[in-house]
Each structure stands twice: as C-alpha cells, then as structure tokens.
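See below for protein18.tsv, which holds TSV, C-alpha atoms and all ligand atoms.
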chain	number	residue	atom	x	y	z
V	1	MET	CA	27.76	-117.09	38.96
V	2	SER	CA	28.46	-114.03	40.97
V	3	ILE	CA	26.42	-111.44	42.78
V	4	GLU	CA	26.09	-108.12	41.02
V	5	LYS	CA	25.98	-104.97	43.15
V	6	LYS	CA	24.50	-101.76	41.73
V	7	TRP	CA	23.57	-98.34	43.01
V	8	PHE	CA	19.76	-98.13	43.16
V	9	GLY	CA	19.10	-94.63	44.49
V	10	THR	CA	19.10	-92.59	47.67
V	11	THR	CA	16.67	-92.13	50.54
V	12	ASP	CA	15.25	-88.69	51.36
V	13	ASP	CA	18.11	-88.11	53.81
V	14	GLY	CA	20.69	-88.92	51.13
V	15	THR	CA	21.62	-92.47	52.17
V	16	ASP	CA	22.71	-94.60	49.22
V	17	VAL	CA	20.69	-97.71	48.48
V	18	TYR	CA	22.20	-100.64	46.59
V	19	SER	CA	20.74	-103.64	44.81
V	20	TYR	CA	22.28	-107.12	44.86
V	21	THR	CA	21.30	-109.49	42.08
V	22	ILE	CA	21.71	-113.22	42.58
V	23	GLY	CA	21.39	-115.42	39.51
V	24	ASN	CA	21.43	-119.13	38.82
V	25	LYS	CA	22.31	-121.19	35.74
V	26	ASN	CA	18.66	-121.52	34.74
V	27	GLY	CA	18.33	-117.78	34.24
V	28	MET	CA	16.41	-117.13	37.45
V	29	ARG	CA	17.40	-113.89	39.20
V	30	ALA	CA	16.48	-112.32	42.53
V	31	VAL	CA	17.12	-108.61	43.13
V	32	ILE	CA	17.51	-107.59	46.77
V	33	LEU	CA	17.76	-104.02	48.02
V	34	THR	CA	19.42	-102.63	51.10
V	35	TYR	CA	16.28	-100.46	51.48
V	36	GLY	CA	13.87	-102.48	53.63
V	37	GLY	CA	16.00	-105.54	52.82
V	38	ALA	CA	13.48	-105.79	50.01
V	39	LEU	CA	13.02	-108.48	47.43
V	40	GLN	CA	12.59	-105.98	44.61
V	41	ALA	CA	12.29	-108.31	41.62
V	42	LEU	CA	12.21	-112.02	40.93
V	43	TYR	CA	12.82	-113.13	37.34
V	44	VAL	CA	11.52	-116.57	36.48
V	45	LYS	CA	11.21	-118.40	33.14
V	46	ASP	CA	7.64	-119.17	32.16
V	47	ALA	CA	6.40	-122.30	30.34
V	48	HIS	CA	7.08	-120.61	26.99
V	49	GLY	CA	10.69	-119.78	27.84
V	50	LYS	CA	9.99	-116.09	28.43
V	51	THR	CA	11.55	-114.50	31.51
V	52	ARG	CA	9.09	-112.60	33.70
V	53	ASP	CA	9.39	-110.58	36.87
V	54	VAL	CA	6.78	-112.16	39.15
V	55	LEU	CA	6.65	-109.39	41.77
V	56	ALA	CA	4.40	-106.35	41.77
V	57	GLY	CA	6.34	-103.40	43.18
V	58	PHE	CA	8.64	-100.58	42.18
V	59	ASP	CA	11.64	-100.09	39.96
V	60	ASP	CA	12.88	-96.88	41.56
V	61	MET	CA	13.45	-95.37	45.00
V	62	ASP	CA	10.66	-92.86	44.55
V	63	GLY	CA	8.11	-95.68	44.59
V	64	PHE	CA	9.60	-97.29	47.68
V	65	LEU	CA	9.78	-93.98	49.52
V	66	HIS	CA	6.45	-92.42	48.58
V	67	ARG	CA	3.97	-95.04	47.35
V	68	CYS	CA	4.96	-98.17	49.19
V	69	ASP	CA	2.44	-100.53	50.72
V	70	TYR	CA	5.19	-102.89	51.91
V	71	GLN	CA	5.94	-104.22	48.39
V	72	GLY	CA	8.74	-106.78	48.78
V	73	VAL	CA	10.13	-105.40	52.02
V	74	LEU	CA	11.09	-107.19	55.23
V	75	VAL	CA	8.80	-106.55	58.18
V	76	GLY	CA	9.64	-106.44	61.91
V	77	ARG	CA	9.91	-106.36	64.82
V	78	TYR	CA	6.38	-107.62	64.81
V	79	CYS	CA	4.70	-108.14	61.45
V	80	ASN	CA	0.92	-108.01	61.20
V	81	ARG	CA	-0.93	-106.53	64.18
V	82	ILE	CA	-0.71	-105.95	67.91
V	83	ALA	CA	-4.08	-104.85	69.30
V	84	ASP	CA	-4.15	-101.44	71.01
V	85	GLY	CA	-0.43	-101.06	70.30
V	86	LYS	CA	0.56	-102.38	73.70
V	87	PHE	CA	1.68	-105.54	75.42
V	88	THR	CA	3.18	-106.69	78.69
V	89	VAL	CA	6.42	-108.60	79.17
V	90	GLY	CA	7.75	-109.52	82.61
V	91	GLY	CA	5.10	-107.33	84.28
V	92	LYS	CA	6.13	-104.24	82.32
V	93	GLU	CA	3.80	-102.64	79.80
V	94	TYR	CA	5.21	-101.45	76.47
V	95	ASN	CA	3.42	-98.97	74.23
V	96	VAL	CA	4.38	-99.40	70.60
V	97	THR	CA	3.59	-97.29	67.55
V	98	ARG	CA	-0.13	-97.20	66.72
V	99	ASN	CA	0.18	-96.60	63.00
V	100	GLU	CA	-3.13	-98.10	61.93
V	101	LYS	CA	-6.10	-95.83	62.56
V	102	GLY	CA	-4.29	-94.58	65.65
V	103	VAL	CA	-5.18	-97.74	67.58
V	104	THR	CA	-3.25	-100.74	66.24
V	105	CYS	CA	0.43	-101.44	65.72
V	106	LEU	CA	0.75	-102.69	62.11
V	107	HIS	CA	4.00	-104.20	60.84
V	108	GLY	CA	5.98	-102.97	63.84
V	109	GLY	CA	5.32	-99.36	62.86
V	110	GLY	CA	7.17	-99.92	59.56
V	111	GLU	CA	10.65	-99.45	61.01
V	112	PHE	CA	12.32	-102.52	59.44
V	113	SER	CA	10.65	-101.89	56.09
V	114	ARG	CA	11.98	-98.32	55.82
V	115	ALA	CA	15.43	-98.95	57.23
V	116	VAL	CA	18.52	-99.17	55.06
V	117	TRP	CA	20.05	-102.56	55.86
V	118	ARG	CA	23.75	-103.48	55.65
V	119	ALA	CA	24.57	-106.08	53.04
V	120	ARG	CA	27.17	-108.83	53.21
V	121	VAL	CA	27.85	-111.07	50.24
V	122	LEU	CA	28.32	-114.54	51.75
V	123	THR	CA	28.83	-116.73	48.68
V	124	GLU	CA	28.20	-116.48	44.95
V	125	THR	CA	24.56	-117.30	45.60
V	126	ALA	CA	23.82	-115.80	49.02
V	127	VAL	CA	23.57	-112.27	50.34
V	128	GLU	CA	22.89	-111.38	53.96
V	129	MET	CA	20.94	-108.28	55.02
V	130	LEU	CA	21.62	-106.94	58.51
V	131	TYR	CA	19.83	-104.39	60.62
V	132	THR	CA	20.18	-103.32	64.24
V	133	SER	CA	17.05	-101.83	65.72
V	134	PRO	CA	17.92	-99.49	68.59
V	135	ASP	CA	16.62	-100.07	72.12
V	136	GLY	CA	13.14	-98.61	72.35
V	137	ALA	CA	12.59	-98.19	68.60
V	138	GLU	CA	8.84	-97.88	67.91
V	139	GLY	CA	8.43	-98.56	71.64
V	140	PHE	CA	9.80	-102.13	71.59
V	141	PRO	CA	12.13	-103.26	74.39
V	142	GLY	CA	15.86	-103.90	73.90
V	143	GLU	CA	18.23	-103.59	70.99
V	144	MET	CA	17.45	-106.14	68.31
V	145	GLU	CA	19.90	-107.47	65.74
V	146	THR	CA	18.35	-109.05	62.69
V	147	SER	CA	19.83	-110.89	59.76
V	148	VAL	CA	18.00	-112.19	56.72
V	149	THR	CA	20.00	-114.23	54.21
V	150	TYR	CA	18.66	-114.62	50.70
V	151	THR	CA	20.01	-117.68	48.86
V	152	LEU	CA	19.12	-118.76	45.34
V	153	THR	CA	19.68	-122.42	44.53
V	154	GLU	CA	20.18	-124.22	41.23
V	155	ASP	CA	16.77	-125.86	41.93
V	156	ASN	CA	15.11	-122.46	41.46
V	157	GLU	CA	14.46	-122.04	45.16
V	158	LEU	CA	14.81	-118.67	46.83
V	159	ILE	CA	15.49	-119.27	50.51
V	160	LEU	CA	15.07	-116.64	53.23
V	161	ASP	CA	16.88	-117.47	56.46
V	162	TYR	CA	15.88	-115.23	59.35
V	163	LYS	CA	17.91	-114.79	62.50
V	164	ALA	CA	17.33	-112.31	65.30
V	165	ARG	CA	18.35	-111.63	68.85
V	166	CYS	CA	17.16	-108.96	71.27
V	167	THR	CA	18.84	-107.66	74.42
V	168	ALA	CA	15.51	-107.75	76.28
V	169	ASP	CA	12.73	-110.33	76.54
V	170	SER	CA	10.44	-109.51	73.63
V	171	TYR	CA	8.13	-110.73	70.91
V	172	ILE	CA	9.77	-111.41	67.55
V	173	ASN	CA	7.71	-111.88	64.37
V	174	LEU	CA	9.42	-111.31	61.03
V	175	THR	CA	8.25	-111.73	57.48
V	176	ASN	CA	8.72	-110.67	53.88
V	177	HIS	CA	5.87	-108.82	52.22
V	178	ALA	CA	6.38	-109.64	48.51
V	179	TYR	CA	3.31	-109.24	46.29
V	180	PHE	CA	3.45	-112.13	43.81
V	181	ASN	CA	1.90	-112.07	40.39
V	182	LEU	CA	2.86	-115.25	38.56
V	183	GLY	CA	1.46	-113.71	35.38
V	184	GLY	CA	4.24	-111.12	35.68
V	185	PHE	CA	4.02	-107.67	37.29
V	186	ASP	CA	2.38	-106.51	34.05
V	187	GLY	CA	0.10	-109.54	33.89
V	188	GLY	CA	-3.18	-108.09	35.17
V	189	ASP	CA	-4.83	-109.21	38.40
V	190	ILE	CA	-4.19	-112.44	40.29
V	191	LEU	CA	-7.78	-113.70	40.44
V	192	ASN	CA	-7.16	-116.53	37.95
V	193	THR	CA	-4.08	-117.77	39.79
V	194	GLU	CA	-4.75	-121.12	41.38
V	195	LEU	CA	-3.81	-121.38	45.01
V	196	LEU	CA	-3.54	-124.26	47.42
V	197	ILE	CA	-2.97	-123.76	51.16
V	198	ARG	CA	-2.37	-126.69	53.50
V	199	ALA	CA	-4.48	-125.33	56.33
V	200	SER	CA	-7.75	-126.59	57.72
V	201	HIS	CA	-8.24	-123.54	59.95
V	202	TYR	CA	-7.89	-119.78	59.75
V	203	LEU	CA	-8.31	-116.87	62.12
V	204	PRO	CA	-11.39	-114.69	61.66
V	205	THR	CA	-10.82	-111.07	62.67
V	206	ASP	CA	-12.83	-108.18	64.06
V	207	GLU	CA	-13.25	-104.83	62.28
V	208	ARG	CA	-9.72	-103.83	63.37
V	209	SER	CA	-8.31	-106.95	61.61
V	210	ILE	CA	-7.40	-108.37	65.02
V	211	PRO	CA	-8.06	-112.12	65.46
V	212	THR	CA	-11.19	-112.68	67.54
V	213	GLY	CA	-9.62	-115.74	69.18
V	214	GLU	CA	-11.75	-118.20	67.24
V	215	VAL	CA	-9.81	-120.78	65.22
V	216	ARG	CA	-12.34	-121.47	62.49
V	217	SER	CA	-12.54	-124.47	60.19
V	218	VAL	CA	-12.22	-123.58	56.50
V	219	LYS	CA	-14.56	-126.44	55.61
V	220	GLY	CA	-17.50	-125.33	53.49
V	221	THR	CA	-16.28	-121.71	53.39
V	222	ALA	CA	-14.60	-119.47	50.81
V	223	PHE	CA	-11.45	-119.84	52.91
V	224	ASP	CA	-10.95	-123.46	51.93
V	225	PHE	CA	-7.85	-123.69	49.71
V	226	ARG	CA	-7.00	-127.29	50.64
V	227	LYS	CA	-7.65	-128.17	47.02
V	228	ALA	CA	-6.23	-125.73	44.50
V	229	LYS	CA	-8.75	-123.19	43.21
V	230	PRO	CA	-8.52	-119.79	41.50
V	231	ILE	CA	-8.03	-117.05	44.10
V	232	GLY	CA	-11.00	-115.21	42.59
V	233	ARG	CA	-13.42	-118.12	42.62
V	234	ASP	CA	-15.03	-117.41	46.00
V	235	ILE	CA	-13.53	-114.01	46.82
V	236	GLY	CA	-16.80	-112.22	46.06
V	237	GLU	CA	-18.91	-114.41	48.34
V	238	GLU	CA	-21.24	-112.83	50.88
V	239	ASP	CA	-18.97	-113.83	53.72
V	240	GLU	CA	-18.70	-111.27	56.52
V	241	GLN	CA	-14.94	-111.88	56.79
V	242	LEU	CA	-14.35	-111.30	53.08
V	243	LEU	CA	-16.64	-108.28	52.96
V	244	MET	CA	-14.94	-106.65	55.93
V	245	CYS	CA	-11.46	-107.04	54.43
V	246	ARG	CA	-12.43	-106.54	50.75
V	247	GLY	CA	-10.99	-110.00	50.05
V	248	TYR	CA	-8.60	-112.35	51.80
V	249	ASP	CA	-6.50	-110.72	54.53
V	250	HIS	CA	-6.33	-113.51	57.08
V	251	ASN	CA	-3.93	-115.77	58.90
V	252	TYR	CA	-4.00	-119.45	58.00
V	253	CYS	CA	-3.02	-121.94	60.71
V	254	LEU	CA	-0.73	-124.15	58.67
V	255	ASP	CA	-0.84	-127.90	58.96
V	256	ALA	CA	1.74	-128.85	56.33
V	257	ARG	CA	4.18	-131.49	57.52
V	258	ALA	CA	7.95	-130.88	57.44
V	259	GLY	CA	9.21	-130.93	53.86
V	260	GLU	CA	5.73	-130.42	52.44
V	261	PRO	CA	4.84	-127.10	50.79
V	262	ALA	CA	2.52	-125.01	52.96
V	263	ALA	CA	1.17	-123.35	49.83
V	264	GLU	CA	1.35	-123.74	46.06
V	265	ALA	CA	0.36	-121.26	43.38
V	266	TYR	CA	-0.02	-121.72	39.63
V	267	CYS	CA	-0.76	-119.21	36.89
V	268	PRO	CA	-2.47	-120.87	33.91
V	269	ALA	CA	-1.55	-118.01	31.55
V	270	THR	CA	2.23	-118.36	32.03
V	271	GLY	CA	2.48	-121.87	33.43
V	272	ILE	CA	4.58	-120.53	36.33
V	273	ARG	CA	4.21	-122.65	39.45
V	274	MET	CA	5.53	-121.74	42.89
V	275	GLN	CA	5.74	-123.71	46.10
V	276	LEU	CA	6.16	-122.13	49.51
V	277	PHE	CA	7.90	-123.87	52.39
V	278	THR	CA	8.11	-122.58	55.94
V	279	ASP	CA	8.80	-123.71	59.49
V	280	LEU	CA	6.44	-121.07	60.92
V	281	PRO	CA	2.93	-121.90	62.17
V	282	GLY	CA	1.03	-119.18	60.28
V	283	MET	CA	0.70	-117.47	56.95
V	284	GLN	CA	-1.24	-114.32	56.16
V	285	LEU	CA	-2.93	-114.52	52.78
V	286	TYR	CA	-3.40	-110.94	51.59
V	287	THR	CA	-4.86	-110.42	48.13
V	288	GLY	CA	-3.84	-106.78	47.68
V	289	ASN	CA	-7.32	-105.61	48.64
V	290	PHE	CA	-6.35	-102.06	49.49
V	291	LEU	CA	-4.12	-101.28	46.50
V	292	GLN	CA	-5.46	-98.20	44.78
V	293	GLY	CA	-3.63	-97.91	41.50
V	294	ALA	CA	-0.36	-96.28	42.63
V	295	PRO	CA	2.15	-96.40	39.76
V	296	GLY	CA	4.50	-99.34	40.11
V	297	LYS	CA	7.09	-100.92	37.83
V	298	LYS	CA	7.24	-99.28	34.38
V	299	GLY	CA	4.67	-96.78	35.71
V	300	LEU	CA	1.87	-99.35	35.51
V	301	PRO	CA	-0.81	-98.80	38.14
V	302	MET	CA	-1.17	-101.41	40.87
V	303	TYR	CA	-4.87	-101.84	41.40
V	304	ARG	CA	-6.75	-104.05	43.85
V	305	HIS	CA	-5.58	-107.69	43.44
V	306	ALA	CA	-2.46	-106.75	41.44
V	307	GLY	CA	-0.57	-109.22	43.59
V	308	PHE	CA	-0.98	-111.67	46.46
V	309	CYS	CA	1.13	-111.93	49.58
V	310	LEU	CA	1.93	-115.14	51.42
V	311	GLU	CA	3.37	-113.69	54.63
V	312	THR	CA	4.74	-116.52	56.74
V	313	GLN	CA	4.66	-115.65	60.43
V	314	PHE	CA	3.50	-116.40	63.94
V	315	TYR	CA	-0.19	-115.70	64.33
V	316	PRO	CA	-1.11	-112.02	64.66
V	317	ASP	CA	-1.57	-110.46	68.09
V	318	THR	CA	0.17	-113.31	69.94
V	319	PRO	CA	1.06	-111.02	72.88
V	320	HIS	CA	-2.66	-111.01	73.77
V	321	ARG	CA	-3.33	-114.64	72.90
V	322	PRO	CA	-1.41	-117.01	75.18
V	323	GLU	CA	-3.20	-119.93	73.47
V	324	PHE	CA	-1.45	-119.13	70.14
V	325	PRO	CA	2.06	-120.52	69.45
V	326	SER	CA	4.40	-118.23	71.35
V	327	CYS	CA	6.93	-115.89	69.76
V	328	LEU	CA	8.22	-114.50	73.03
V	329	TYR	CA	12.02	-114.74	73.09
V	330	LYS	CA	14.23	-114.33	76.13
V	331	ALA	CA	16.95	-111.70	76.15
V	332	GLY	CA	19.87	-113.08	74.12
V	333	GLU	CA	17.88	-116.05	72.84
V	334	VAL	CA	18.30	-116.58	69.11
V	335	PHE	CA	15.27	-116.69	66.86
V	336	THR	CA	15.79	-118.56	63.59
V	337	SER	CA	13.36	-119.41	60.85
V	338	ARG	CA	13.33	-120.39	57.18
V	339	THR	CA	10.84	-119.67	54.41
V	340	SER	CA	11.45	-120.46	50.76
V	341	PHE	CA	9.80	-119.97	47.39
V	342	LYS	CA	10.49	-122.66	44.84
V	343	PHE	CA	9.63	-122.47	41.14
V	344	ILE	CA	9.01	-125.85	39.53
L	401	LIG	C1	-2.10	-106.61	56.03
L	401	LIG	C2	-3.06	-105.76	55.22
L	401	LIG	C3	-2.33	-104.50	54.82
L	401	LIG	C4	-1.08	-104.88	54.06
L	401	LIG	C5	-0.24	-103.70	53.70
L	401	LIG	C6	-0.95	-106.97	55.16
L	401	LIG	O1	-0.04	-107.76	55.86
L	401	LIG	O2	-2.72	-107.75	56.57
L	401	LIG	O3	-4.22	-105.45	55.98
L	401	LIG	O4	-3.15	-103.67	54.05
L	401	LIG	O5	-0.30	-105.76	54.82
L	401	LIG	O6	0.04	-102.94	54.81
Take the structure in this file and express it as structure tokens.
Amino acid sequence: MSIEKKWFGTTDDGTDVYSYTIGNKNGMRAVILTYGGALQALYVKDAHGKTRDVLAGFDDMDGFLHRCDYQGVLVGRYCNRIADGKFTVGGKEYNVTRNEKGVTCLHGGGEFSRAVWRARVLTETAVEMLYTSPDGAEGFPGEMETSVTYTLTEDNELILDYKARCTADSYINLTNHAYFNLGGFDGGDILNTELLIRASHYLPTDERSIPTGEVRSVKGTAFDFRKAKPIGRDIGEEDEQLLMCRGYDHNYCLDARAGEPAAEAYCPATGIRMQLFTDLPGMQLYTGNFLQGAPGKKGLPMYRHAGFCLETQFYPDTPHRPEFPSCLYKAGEVFTSRTSFKFI
C-alpha cells in the first residue's frame, strides 16, 4: 500500500490543494484534502461487495469554496458554539468572530475549515495535516499549532489523532464535520439508518443553539438512542428541541466506557455498519437539518437529512459553563485526542 497524492484544485487566491488517498488491502480508501484538512471521501465495501463512498460532500474545489456547510472539514479552534462570541481567560476578555446571526461564534469562525493545511506522509497508511493559526486569528489568543493524523488500518478503522498547542492559555475544541450516509452519497436520506448512542443525557439548547445548562435525561424522549433505532423514527415528534432545530442538532454527554463504541450506525439497504470511538466527553448529533439542496458529488443535490454528523467534542459553550468538562489549556500545554470510525 502507498499513499497517492493528486492535485485537487486551487483556492480563490490560487493556492494549490492536494488530495491524499490512503487505501488498505480490503479495498477501503480514505481521501483527505489539504483544504480544511477535509475527509473528502470514504470508500467502503457494502454487504453485496459493492464499493460506496459513504460521505455526502463535494468532488471539486468549487463546492468546497462556494457551497460548503462544513462537509468533511476539520473545525477549530473551537467547534460548535461560544455564546455572544466572547469569553474570559486569566481576567482578560476575548471577542471572537460572531459568524452566526451576528451574535454567536460558530465553528471558530470557520478559519480551520477554510485553511489550506500542510500535509506530511508519515507511513504508507498515515498522513498528517498541519496548520498554524496566527496569534489573534478570529480573535482567539496566542498562536496555535494543530496536527491531525489520519490513519487507515487493515481492520477498516479510520483513526483521527488530534494534537494542538497554543502559545497562550486558551480553549481548544477540535472536530471533524463529515456528513455520513451509509447508503452512499447517492443513497437518498439517512432517516432509515439505525443509530445507537451510548449516552443517557443530552444538552437542550435555547433558540441560539446554546446549551441552557440543563443536562437532560434522554429517557422517554425522542433523544433516546441507547437502543438502536432509525434516525427518522422520532425525528418528527412534537418536541420543542426537535422543532427548534428542525431535527437533531444536539450534544450528547457520552457515557461509553473506554474501548466501547460511543455510537454505532447501520444502513439496512447496504448492510454497512460503522462504529465510532472517542476519548472526548461529548458528541454533537447533527442530522443535516439545514441542508438546502446545494449540488454535491456528481452534481446531486444535498437536501435536508442527506447525511448525519457525529461531531466528537467537548460540550459546546464550555467557556461559560464551568460545570462542563473543561477544555481550557495552559500556554504550551499539549492537547491530544483520538476519534475513530470503524467499519465492521
Ligand atoms: C451545527 C449546526 C450547523 C452545522 C453546519 C453543526 O455542527 O450544530 O447547527 O448547521 O454544524 O454549520
């Protein structure tokens, strides 16, 4: 096996973007771009022996540059939301980009997702993406170096190893925003996909999608995925949280034990089954509620529920919630984390 590097396109300012394809002996392939450090495609064999790309997204730069709703990209410095786009560290207030309705910082202002990362091939099955965010970028303190290594194993596991370090005390919350469709990117919506999440609690949000502070039991609600059920089974319930977000767009407080998958998904049509492992305390389940039919791969429109995201992370808005697990890192302190997607 070896990693194949190809030219993928250029950004609007003329920077070249490359793709790196990692394959294994079972015919699984992961395509990673220097743009946004994105996981652009993930080819998996289905139960009938047919290879399918299980990610909704784009097959050209134009899509990534002009129609992107974070499909496949890495997200930092702070994924998900920071209320009012400000926080205080060491007595100093920082104002960060308010890119959602002019009030909230969403996905760190998008900086990491739009950046062209440097790539380093580490082995025949691992490629590292590197990005240095300048001091003050999007209003965040310090210069932050980030590395995300994608490794594909012979057990059909795609591992993402995150590492970051900032020159100032700051919050660090990184994720990947892949939209999975285990029926294939051309396989219709994800409502029949069965999902299991090992979480007995989730975080309800207010109308800004900011956690209210309540840690609510999933018991007896549409949010209960402790036993596998189709994503679409309860999504249309008259639940104020579902109605407000047009579906699931919430952080689950994971209670999986080490070595146990935090989530599992299965598509009955293709027989593709995926397990998700993470060492992080939270996972945002987002069911593509705001997708509006922008043309994606092969020009096919990506409508509402064309994919689902399992964004592993610290809980949203931690800077304002000292009771949540902390993601405040000291200057020079190294943040590391691992999330993986395994196909069985
Ligand atoms: C957010 C959604 C948002 C999507 C794309 C998700 O992480 O929770 O509200 O629409 O990202 O930006």
Check your understanding: Counting all atoms listed in the file, which of V:Met61, V:Cys245, V:Ala269, V:Val116 gets nearest to ligand LIG 401 (chain L)?
Key ->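 When distances to ligand LIG 401 (chain L) are compared using all atoms listed in the file, the smallest one comes from V:Cys245.
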Edge lengths and centre, in Å to one decimal, as JSON: that's what I need for the box along x, y and z that holds all listed atoms of range 329-341 of chain V plus 4 Å on each side.
{"center_x": 14.8, "center_y": -116.1, "center_z": 61.8, "size_x": 18.1, "size_y": 16.8, "size_z": 36.8}
Can you tell me, as a PDB file with C-alpha atoms, keeping the file's coordinate frame, what residues are no more than 12 Å from Gly296 in chain V when counting all atoms listed in the file, ignoring any on the same chain fewer than 5 positions away?
ATOM      1  CA  GLN V  40      12.590-105.980  44.610  1.00  0.00           C
ATOM      2  CA  ALA V  41      12.290-108.310  41.620  1.00  0.00           C
ATOM      3  CA  LEU V  55       6.650-109.390  41.770  1.00  0.00           C
ATOM      4  CA  ALA V  56       4.400-106.350  41.770  1.00  0.00           C
ATOM      5  CA  GLY V  57       6.340-103.400  43.180  1.00  0.00           C
ATOM      6  CA  PHE V  58       8.640-100.580  42.180  1.00  0.00           C
ATOM      7  CA  ASP V  59      11.640-100.090  39.960  1.00  0.00           C
ATOM      8  CA  ASP V  60      12.880 -96.880  41.560  1.00  0.00           C
ATOM      9  CA  MET V  61      13.450 -95.370  45.000  1.00  0.00           C
ATOM     10  CA  ASP V  62      10.660 -92.860  44.550  1.00  0.00           C
ATOM     11  CA  GLY V  63       8.110 -95.680  44.590  1.00  0.00           C
ATOM     12  CA  PHE V  64       9.600 -97.290  47.680  1.00  0.00           C
ATOM     13  CA  HIS V  66       6.450 -92.420  48.580  1.00  0.00           C
ATOM     14  CA  ARG V  67       3.970 -95.040  47.350  1.00  0.00           C
ATOM     15  CA  CYS V  68       4.960 -98.170  49.190  1.00  0.00           C
ATOM     16  CA  ASP V  69       2.440-100.530  50.720  1.00  0.00           C
ATOM     17  CA  GLN V  71       5.940-104.220  48.390  1.00  0.00           C
ATOM     18  CA  TYR V 179       3.310-109.240  46.290  1.00  0.00           C
ATOM     19  CA  PHE V 185       4.020-107.670  37.290  1.00  0.00           C
ATOM     20  CA  ASP V 186       2.380-106.510  34.050  1.00  0.00           C
ATOM     21  CA  LEU V 291      -4.120-101.280  46.500  1.00  0.00           C
ATOM     22  CA  PRO V 301      -0.810 -98.800  38.140  1.00  0.00           C
ATOM     23  CA  MET V 302      -1.170-101.410  40.870  1.00  0.00           C
ATOM     24  CA  TYR V 303      -4.870-101.840  41.400  1.00  0.00           C
ATOM     25  CA  ALA V 306      -2.460-106.750  41.440  1.00  0.00           C
ATOM     26  CA  GLY V 307      -0.570-109.220  43.590  1.00  0.00           C
TER      27      GLY V 307
END
Review point. Mind listing the residues within 7 Å of ligand LIG 401 (chain L), only C-alpha atoms and all ligand atoms counted, as a PyMOL selection string?
Key: chain V and resi 69-70+80+249-250+284+286+290+311
Review point. Pick from V:Phe314, V:Phe341, V:Tyr202, V:Phe180: nearest to Thr221 in chain V, with all atoms listed in the file counted?
Key: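 Smallest separation from Thr221 in chain V among the options: V:Tyr202.
Nearest-residue note for Tyr20 in chain V: choosing from V:Arg77, V:Arg118, V:Arg98, V:Lys219, the minimum distance belongs to V:Arg118, counting all atoms listed in the file.
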Review point. Please, what distance in Å, to one decimal, runs between CA of Thr312 in chain V and CA of Asp279 in chain V?
Key: 8.7 Å
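For the pair CA of Phe308 in chain V and CA of Gly108 in chain V, the interatomic distance is 20.6 Å.
Closest approach to Cys166 in chain V from the set V:Tyr150, V:Tyr131, V:Trp7, V:Tyr252 is made by V:Tyr131, with distances taken over all atoms listed in the file.
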Check your understanding: With only C-alpha atoms as the basis for distance, which of V:Thr205, V:Asn95, V:Gln292, V:Gln275 is at the shortest distance from Leu182 in chain V?
Key ->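 Closest to Leu182 in chain V of all the choices is V:Gln275.
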Check your understanding: If I put a ball of radius 12 Å at (22.8, -114.9, 39.1) in the file's coordinates, which residues poke into it when counting all atoms listed in the file, written as a PyMOL selection string?
Key -> chain V and resi 1-5+20-32+42-44+123-127+151-154+156+158
Exercise for review: Figure out the distance between CA of Asp206 in chain V and CA of Glu240 in chain V, please, to one decimal in Å.
Suggested key: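 Taking CA of Glu240 in chain V as the start and CA of Asp206 in chain V as the end point, the length is 10.0 Å.
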**Study point:** Residue among V:Gly36, V:Gly220, V:Pro268, V:His201 lying closest to Asp255 in chain V, counting only C-alpha atoms
**Key:**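 Among the listed residues, V:His201 lies closest to Asp255 in chain V.
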**Study point:** Residues near range 337-340 of chain V, cut-off 8 Å, only C-alpha atoms, skip fewer than 5 positions along chain, as a list in words
**Key:**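 Within the cut-off, the hits are Glu157, Leu158, Ile159, Leu160, Asp161, Tyr162, Lys163, Leu276, Phe277, Thr278, Asp279, Leu280 and Thr312 of chain V.
If you count only C-alpha atoms and draw a sphere of 10 Å around (-7.9, -115.4, 36.2), the protein and nucleic acid residues inside it come out as Gly183, Gly188, Asp189, Ile190, Leu191, Asn192, Thr193, Glu194, Pro230, Ile231, Gly232, Arg233, Cys267, Pro268 and Ala269 of chain V.
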Review point. If we count only C-alpha atoms, what is near Ala38 in chain V at a cut-off of 8 Å, once residues fewer than 5 positions away on the same chain are taken out, given as a PyMOL selection string?
Key: chain V and resi 32-33+71-74+113+176
